[in-house]
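Structure file input.txt; described as compact mmCIF, C-alpha atoms.
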```
# COMPACT_ATOMS: atom_id res chain seq x y z
CA VAL A 71 0.00 0.00 0.00
CA GLY A 72 1.38 3.38 -1.03
CA GLY A 73 4.01 1.96 -3.36
CA ASP A 74 5.03 3.55 -6.64
CA MET A 75 3.10 2.75 -9.79
CA ASN A 76 4.17 2.01 -13.34
CA ILE A 77 1.73 1.97 -16.26
CA THR A 78 2.40 0.30 -19.60
CA LEU A 79 -0.03 1.10 -22.40
CA ASN A 80 0.20 0.19 -26.06
CA GLY A 81 3.88 -0.69 -25.68
CA PHE A 82 4.81 2.63 -24.06
CA THR A 83 5.43 3.70 -20.48
CA GLY A 84 6.57 6.69 -18.41
CA ARG A 85 6.15 10.13 -19.96
CA ASN A 86 4.59 8.67 -23.09
CA ILE A 87 1.38 7.97 -21.14
CA LYS A 88 -0.65 10.83 -19.67
CA ILE A 89 -3.18 10.57 -16.86
CA PHE A 90 -6.10 13.00 -16.67
CA MET A 91 -8.95 13.62 -14.25
CA ASP A 92 -12.00 15.10 -15.97
CA GLY A 93 -9.71 16.09 -18.83
CA VAL A 94 -7.20 17.94 -16.62
CA PRO A 95 -3.62 16.53 -16.46
CA MET A 96 -2.67 14.97 -13.13
CA GLN A 97 1.10 15.27 -13.44
CA GLY A 98 1.08 18.55 -11.50
CA ASN A 99 -0.75 17.02 -8.55
CA SER A 100 0.97 16.05 -5.34
CA SER A 101 2.10 12.43 -5.21
CA SER A 102 -0.33 12.04 -2.31
CA PHE A 103 -3.18 12.40 -4.85
CA GLN A 104 -2.36 10.09 -7.74
CA LEU A 105 -3.73 6.98 -9.45
CA ASN A 106 -2.10 4.62 -6.93
CA ASN A 107 -3.86 6.06 -3.86
CA ILE A 108 -7.30 7.41 -4.90
CA PRO A 109 -10.41 5.33 -4.10
CA VAL A 110 -12.50 3.71 -6.80
CA SER A 111 -15.57 5.61 -5.54
CA LEU A 112 -14.05 8.83 -6.87
CA ALA A 113 -14.53 7.61 -10.45
CA GLU A 114 -17.78 7.24 -12.34
CA ARG A 115 -15.87 5.60 -15.16
CA ILE A 116 -12.33 5.34 -16.54
CA GLU A 117 -11.54 5.99 -20.20
CA VAL A 118 -8.47 4.40 -21.76
CA TYR A 119 -7.14 5.66 -25.09
CA LYS A 120 -4.46 3.67 -26.88
CA GLY A 121 -2.28 5.56 -29.30
CA VAL A 122 -4.67 8.28 -30.46
CA VAL A 123 -5.61 10.80 -27.77
CA PRO A 124 -8.70 13.06 -28.21
CA VAL A 125 -7.75 16.60 -29.22
CA GLU A 126 -9.49 18.20 -26.23
CA PHE A 127 -6.89 16.66 -23.90
CA GLY A 128 -4.11 18.52 -25.67
CA GLY A 129 -1.52 16.11 -24.32
CA ASP A 130 1.63 14.88 -26.07
CA ALA A 131 0.96 11.27 -25.12
CA ILE A 132 2.17 9.14 -28.02
CA GLY A 133 1.47 5.93 -26.09
CA GLY A 134 -2.04 6.83 -25.01
CA ALA A 135 -3.94 8.35 -22.13
CA ILE A 136 -6.11 7.45 -19.15
CA ASN A 137 -8.94 9.79 -18.17
CA ILE A 138 -10.67 9.39 -14.80
CA VAL A 139 -14.21 10.78 -15.04
CA THR A 140 -15.48 11.69 -11.57
CA ASN A 141 -19.05 11.42 -10.36
CA ARG A 142 -21.00 14.46 -11.64
CA THR A 143 -24.48 13.49 -10.58
CA THR A 144 -26.64 16.28 -9.16
CA ASN A 145 -28.75 13.95 -7.04
CA THR A 146 -28.72 13.84 -3.26
CA PHE A 147 -26.66 10.88 -2.14
CA LEU A 148 -24.53 9.50 0.66
CA ASP A 149 -22.17 6.54 0.54
CA ALA A 150 -19.80 5.38 3.25
CA SER A 151 -17.49 2.38 3.37
CA TYR A 152 -14.85 0.87 5.61
CA SER A 153 -12.63 -2.15 5.08
CA TYR A 154 -9.97 -3.93 7.07
CA GLY A 155 -7.37 -6.27 5.63
CA SER A 156 -4.08 -8.02 6.14
CA PHE A 157 -1.06 -6.24 7.62
CA ASN A 158 -3.34 -3.93 9.64
CA THR A 159 -4.69 -2.24 6.53
CA HIS A 160 -7.60 0.16 7.02
CA ARG A 161 -9.52 1.95 4.26
CA SER A 162 -12.43 4.31 4.82
CA ASN A 163 -14.33 6.56 2.43
CA VAL A 164 -17.30 8.95 2.67
CA ILE A 165 -18.85 10.57 -0.39
CA LEU A 166 -21.92 12.79 -0.30
CA GLY A 167 -23.71 15.37 -2.39
CA HIS A 168 -26.85 17.48 -2.22
CA THR A 169 -28.66 19.69 -4.72
CA PRO A 170 -31.86 21.47 -3.58
CA PRO A 171 -34.46 22.71 -6.14
CA LYS A 172 -32.86 26.17 -6.38
CA GLY A 173 -29.76 24.63 -7.98
CA PHE A 174 -27.22 25.25 -5.23
CA SER A 175 -25.04 22.15 -5.00
CA PHE A 176 -22.18 20.75 -2.98
CA GLN A 177 -20.16 17.54 -3.12
CA LEU A 178 -17.65 16.04 -0.69
CA ASN A 179 -15.38 13.02 -1.01
CA ALA A 180 -13.13 12.16 1.93
CA TYR A 181 -11.01 9.04 2.25
CA GLN A 182 -8.24 7.56 4.35
CA THR A 183 -5.84 4.64 3.96
CA TYR A 184 -3.45 3.10 6.47
CA SER A 185 -1.27 -0.02 6.41
CA ASP A 186 1.66 -1.38 8.41
CA ASN A 187 2.94 -3.18 5.28
CA ASP A 188 4.66 -5.64 7.64
CA TYR A 189 4.52 -8.66 5.36
CA LYS A 190 7.34 -11.20 5.19
CA ILE A 191 10.12 -11.11 2.60
CA LYS A 192 13.11 -13.26 1.72
CA SER A 193 16.54 -11.68 1.68
CA ARG A 194 20.16 -12.19 2.48
CA LEU A 195 21.37 -10.68 5.76
CA ILE A 196 24.06 -7.99 5.96
CA THR A 197 26.18 -8.13 9.13
CA ASN A 198 29.17 -5.79 9.55
CA GLY A 199 29.16 -5.20 5.81
CA GLN A 200 29.19 -8.90 4.96
CA TYR A 201 26.36 -10.63 3.05
CA SER A 202 25.17 -14.01 4.24
CA ARG A 203 25.36 -16.87 1.76
CA GLU A 204 21.86 -18.09 2.54
CA THR A 205 18.50 -16.37 2.13
CA TYR A 206 16.25 -16.02 5.17
CA GLU A 207 12.66 -14.95 5.79
CA PHE A 208 12.16 -11.66 7.61
CA LYS A 209 9.22 -9.47 8.59
CA ARG A 210 9.22 -5.85 7.45
CA PHE A 211 9.34 -3.54 10.48
CA HIS A 212 9.50 0.05 9.16
CA ALA A 213 7.14 0.34 6.19
CA ALA A 214 3.88 1.92 7.42
CA TYR A 215 1.93 4.18 5.10
CA HIS A 216 -1.07 6.46 5.58
CA ASN A 217 -2.91 8.84 3.27
CA GLU A 218 -5.75 11.30 3.91
CA THR A 219 -7.56 13.32 1.23
CA VAL A 220 -10.60 15.60 1.02
CA VAL A 221 -12.13 16.65 -2.31
CA ALA A 222 -14.80 19.37 -1.93
CA LYS A 223 -16.90 21.26 -4.52
CA LEU A 224 -19.44 24.05 -4.11
CA GLY A 225 -21.49 25.66 -6.86
CA VAL A 226 -24.70 25.78 -8.89
CA VAL A 227 -26.29 23.66 -11.61
CA ASN A 228 -28.98 24.17 -14.26
CA LYS A 229 -28.82 27.96 -14.40
CA SER A 230 -29.44 30.15 -17.45
CA TRP A 231 -25.78 31.14 -17.55
CA ALA A 232 -24.27 27.75 -16.57
CA ASP A 233 -25.22 24.11 -16.62
CA ARG A 234 -22.47 23.54 -14.06
CA PHE A 235 -20.33 26.04 -12.15
CA PHE A 236 -18.22 24.78 -9.26
CA VAL A 237 -15.31 26.03 -7.23
CA GLY A 238 -13.54 23.66 -4.90
CA ALA A 239 -10.29 22.32 -3.53
CA THR A 240 -8.44 19.06 -3.04
CA LEU A 241 -6.41 18.69 0.14
CA SER A 242 -4.18 15.64 0.38
CA GLN A 243 -1.33 14.33 2.49
CA ASP A 244 0.54 11.10 2.99
CA HIS A 245 3.34 9.76 5.13
CA GLN A 246 5.51 6.76 4.36
CA GLU A 247 8.16 4.91 6.29
CA VAL A 248 10.92 3.72 3.94
CA GLN A 249 11.99 0.17 4.77
CA ASN A 250 14.77 -0.50 2.27
CA ALA A 251 16.61 0.84 -0.74
CA LEU A 252 14.44 0.92 -3.85
CA ALA A 253 16.80 -1.15 -5.99
CA ASN A 254 18.21 -3.40 -3.26
CA ILE A 255 15.93 -5.11 -0.74
CA GLU A 256 18.97 -6.29 1.23
CA PHE A 257 20.00 -2.73 2.14
CA VAL A 258 17.71 -1.83 5.06
CA TYR A 259 16.68 1.59 6.33
CA GLY A 260 15.38 1.78 9.88
CA GLU A 261 14.26 5.39 10.32
CA VAL A 262 13.94 7.00 6.88
CA GLU A 263 10.57 8.67 6.26
CA THR A 264 8.90 10.73 3.54
CA SER A 265 5.85 12.98 3.75
CA ARG A 266 3.97 14.89 1.07
CA LYS A 267 1.19 17.47 1.09
CA GLY A 268 -0.86 18.98 -1.69
CA ILE A 269 -3.40 21.82 -1.99
CA GLN A 270 -5.27 22.19 -5.27
CA PRO A 271 -7.93 24.90 -5.65
CA ASN A 272 -9.96 24.39 -8.82
CA LEU A 273 -12.78 25.80 -10.94
CA GLU A 274 -15.18 24.16 -13.37
CA TYR A 275 -17.62 25.82 -15.81
CA TYR A 276 -19.82 24.07 -18.36
CA LYS A 277 -22.60 25.49 -20.56
CA ARG A 278 -24.37 24.04 -23.61
CA ASN A 279 -25.94 26.32 -26.23
CA LEU A 280 -24.00 29.33 -24.99
CA LEU A 281 -25.30 32.35 -26.97
CA LEU A 282 -25.69 30.10 -30.03
CA LYS A 283 -27.42 26.77 -30.40
CA GLY A 284 -24.84 23.99 -30.58
CA LEU A 285 -22.05 26.10 -29.04
CA THR A 286 -20.63 24.48 -25.89
CA ALA A 287 -18.21 26.13 -23.49
CA ARG A 288 -16.12 24.23 -20.97
CA VAL A 289 -13.49 25.71 -18.67
CA SER A 290 -11.37 23.75 -16.19
CA ALA A 291 -8.69 25.44 -14.11
CA ASN A 292 -6.58 24.43 -11.14
CA TYR A 293 -3.49 25.50 -9.26
CA ASN A 294 -1.18 23.06 -7.50
CA ILE A 295 0.74 23.78 -4.30
CA ASN A 296 2.89 20.80 -3.31
CA SER A 297 5.47 20.10 -0.64
CA ASN A 298 7.67 17.00 -0.25
CA LYS A 299 9.87 16.13 2.69
CA SER A 300 12.41 13.35 3.20
CA ILE A 301 13.80 12.67 6.67
CA ASP A 302 16.90 10.59 7.37
CA THR A 303 18.41 11.43 10.75
CA SER A 304 19.34 7.94 11.86
CA SER A 305 22.61 7.49 13.75
CA TYR A 306 22.44 3.70 13.40
CA LYS A 307 22.85 1.11 10.66
CA TYR A 308 20.09 -1.46 10.34
CA ASN A 309 19.70 -4.93 8.90
CA TRP A 310 16.65 -7.21 8.76
CA LEU A 311 17.20 -8.26 12.37
```
As structure tokens, how would this structure be written, given the file I've shared?
Amino acid sequence: VGGDMNITLNGFTGRNIKIFMDGVPMQGNSSSFQLNNIPVSLAERIEVYKGVVPVEFGGDAIGGAINIVTNRTTNTFLDASYSYGSFNTHRSNVILGHTPPKGFSFQLNAYQTYSDNDYKIKSRLITNGQYSRETYEFKRFHAAYHNETVVAKLGVVNKSWADRFFVGATLSQDHQEVQNALANIEFVYGEVETSRKGIQPNLEYYKRNLLLKGLTARVSANYNINSNKSIDTSSYKYNWL
């Protein structure tokens, strides 16, 4: 839980694949609000484009694109869920929305994830700089991860000047204990930690038949404020024991 992600699409990977949310690129978002840590309830559907990307995305994705379309219903609804799993993993999510007859509308999606990630692995043991010849089974002891995010929108729907007009913000944070070197599971960290925070104010405007029949206007805007912190103040060397 909380690990890095890698997407391969149409034979391409990395920068050749773009990820969007409601048509807005996600690469500027904080890493605490990305495809590997958002709940499935945030999406109404997911569109996958291989090779050819629709012109309205405006992205230089030669491999393709993934567009997450969020729930845009104007009904009144409430959905809450909680799950518990192996390695002390907790996931909770609350999503609600309300639109009275006058057209004022608000939506809120809040979720949280936590896991100890203390599963067992097999590795050689390093003692005084020397690698053991045999491989042993160890339990991860410094790999916990937690993430908290709130997505809120406030606006109006079905007005003469706008079918949808919302202003909102996404607030996200996560914290991760780093157990071992990324490319070498045998090299153990005991106190390294990373934390990330993101604030994303946003605006959405949509109107069909604006001034002229058949003319549709859509505006999406956001601003990303991100901070990332890595902490390594250990005065000790660790191994799997």
Find the residues around stretch 85-92 of chain A up to 8 Å (all atoms listed in the file counted), leave out those fewer than 2 positions away in its own chain, and share them as a CSV table (one decimal) with C-alpha atoms, in the coordinates of the input.
```csv
chain,number,residue,atom,x,y,z
A,77,ILE,CA,1.7,2.0,-16.3
A,78,THR,CA,2.4,0.3,-19.6
A,79,LEU,CA,0.0,1.1,-22.4
A,82,PHE,CA,4.8,2.6,-24.1
A,83,THR,CA,5.4,3.7,-20.5
A,94,VAL,CA,-7.2,17.9,-16.6
A,95,PRO,CA,-3.6,16.5,-16.5
A,96,MET,CA,-2.7,15.0,-13.1
A,97,GLN,CA,1.1,15.3,-13.4
A,129,GLY,CA,-1.5,16.1,-24.3
A,130,ASP,CA,1.6,14.9,-26.1
A,131,ALA,CA,1.0,11.3,-25.1
A,132,ILE,CA,2.2,9.1,-28.0
A,133,GLY,CA,1.5,5.9,-26.1
A,134,GLY,CA,-2.0,6.8,-25.0
A,135,ALA,CA,-3.9,8.4,-22.1
A,136,ILE,CA,-6.1,7.4,-19.2
A,137,ASN,CA,-8.9,9.8,-18.2
A,138,ILE,CA,-10.7,9.4,-14.8
A,139,VAL,CA,-14.2,10.8,-15.0
A,140,THR,CA,-15.5,11.7,-11.6
```
Among the residues A:Thr143, A:Thr159, A:Gln249, A:Thr205, the one that comes closest to A:Asn309 [using only C-alpha atoms]: A:Gln249
Considering only C-alpha atoms, give me a table of residues in stretch 138-247 of chain A that are at most 10 Å from stretch 282-301 of chain A, with the closest atom pair and distance in Å for each, as a tab-separated table.
```
residue	atom	partner	partner_atom	distance
A:Ala232	CA	A:Ala287	CA	9.3
A:Arg234	CA	A:Arg288	CA	9.4
A:Phe235	CA	A:Val289	CA	9.5
A:Phe236	CA	A:Ser290	CA	9.8
A:Val237	CA	A:Ala291	CA	9.6
A:Gly238	CA	A:Asn292	CA	9.4
A:Ala239	CA	A:Asn292	CA	8.7
A:Thr240	CA	A:Asn294	CA	9.4
A:Leu241	CA	A:Ile295	CA	9.8
A:Ser242	CA	A:Asn296	CA	9.5
A:Gln243	CA	A:Ser297	CA	9.5
A:Asp244	CA	A:Asn298	CA	9.8
A:His245	CA	A:Lys299	CA	9.4
A:Gln246	CA	A:Ser300	CA	9.6
A:Glu247	CA	A:Ile301	CA	9.6
```
Near-stretch 153-156 of chain A list (10 Å; only C-alpha atoms; drop same-chain fewer than 2 positions) as an MDAnalysis selection string: chainID A and resid 151 158:163 183:189
Atomic distance atom CA of A:Tyr275 - atom CA of A:Thr169, expressed in Å with one decimal: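 So the two atoms, atom CA of A:Tyr275 and atom CA of A:Thr169, lie 16.8 Å apart.
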Distance of atom CA of A:Arg210 from atom CA of A:Ser193, expressed in Å to one decimal place: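 According to the coordinates, atom CA of A:Ser193 and atom CA of A:Arg210 are separated by 11.0 Å.
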Spatial neighbours of stretch 110-112 of chain A, 8 Å, only C-alpha atoms, chain gap at least 4 places, as a VMD selection string: chain A and resid 140 to 141 165 179
Distance of atom CA of A:Tyr181 from atom CA of A:Val220, expressed in Å to one decimal place: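 Those two atoms sit 6.7 Å apart.
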Counting all atoms listed in the file, the residue of A:Ala150, A:Ile269, A:Val71, A:Leu311 that sits nearest A:Thr219: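 Distance minimum relative to A:Thr219 lands on A:Ile269.
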Test item: residues at most 10 Å from stretch 252-255 of chain A, all atoms listed in the file, excluding those fewer than 6 positions along its chain, as a PyMOL selection string: chain A and resi 191-194+310
A:Tyr276, A:Ile196, A:Lys209, A:Asp233 ranked by distance to A:Phe257, top pick (using only C-alpha atoms):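 Residue with the minimum atom-to-atom distance to A:Phe257: A:Ile196.
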Residue nearest A:Gly260 - candidates A:Tyr152, A:Tyr306, A:Phe157, A:Phe176, atoms counted: all atoms listed in the file: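 For A:Gly260, the nearest of the given residues is A:Tyr306.
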Selected residue of minimal separation from A:Ala213 among A:Gln270, A:Asn228, A:Asn250, A:Gln177, counting all atoms listed in the file: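 So, comparing all the options, the nearest one is A:Asn250.
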Residue nearest A:Tyr119 among A:Gln104, A:Asn80, A:Gln200, A:Gln182 (counting all atoms listed in the file): A:Asn80
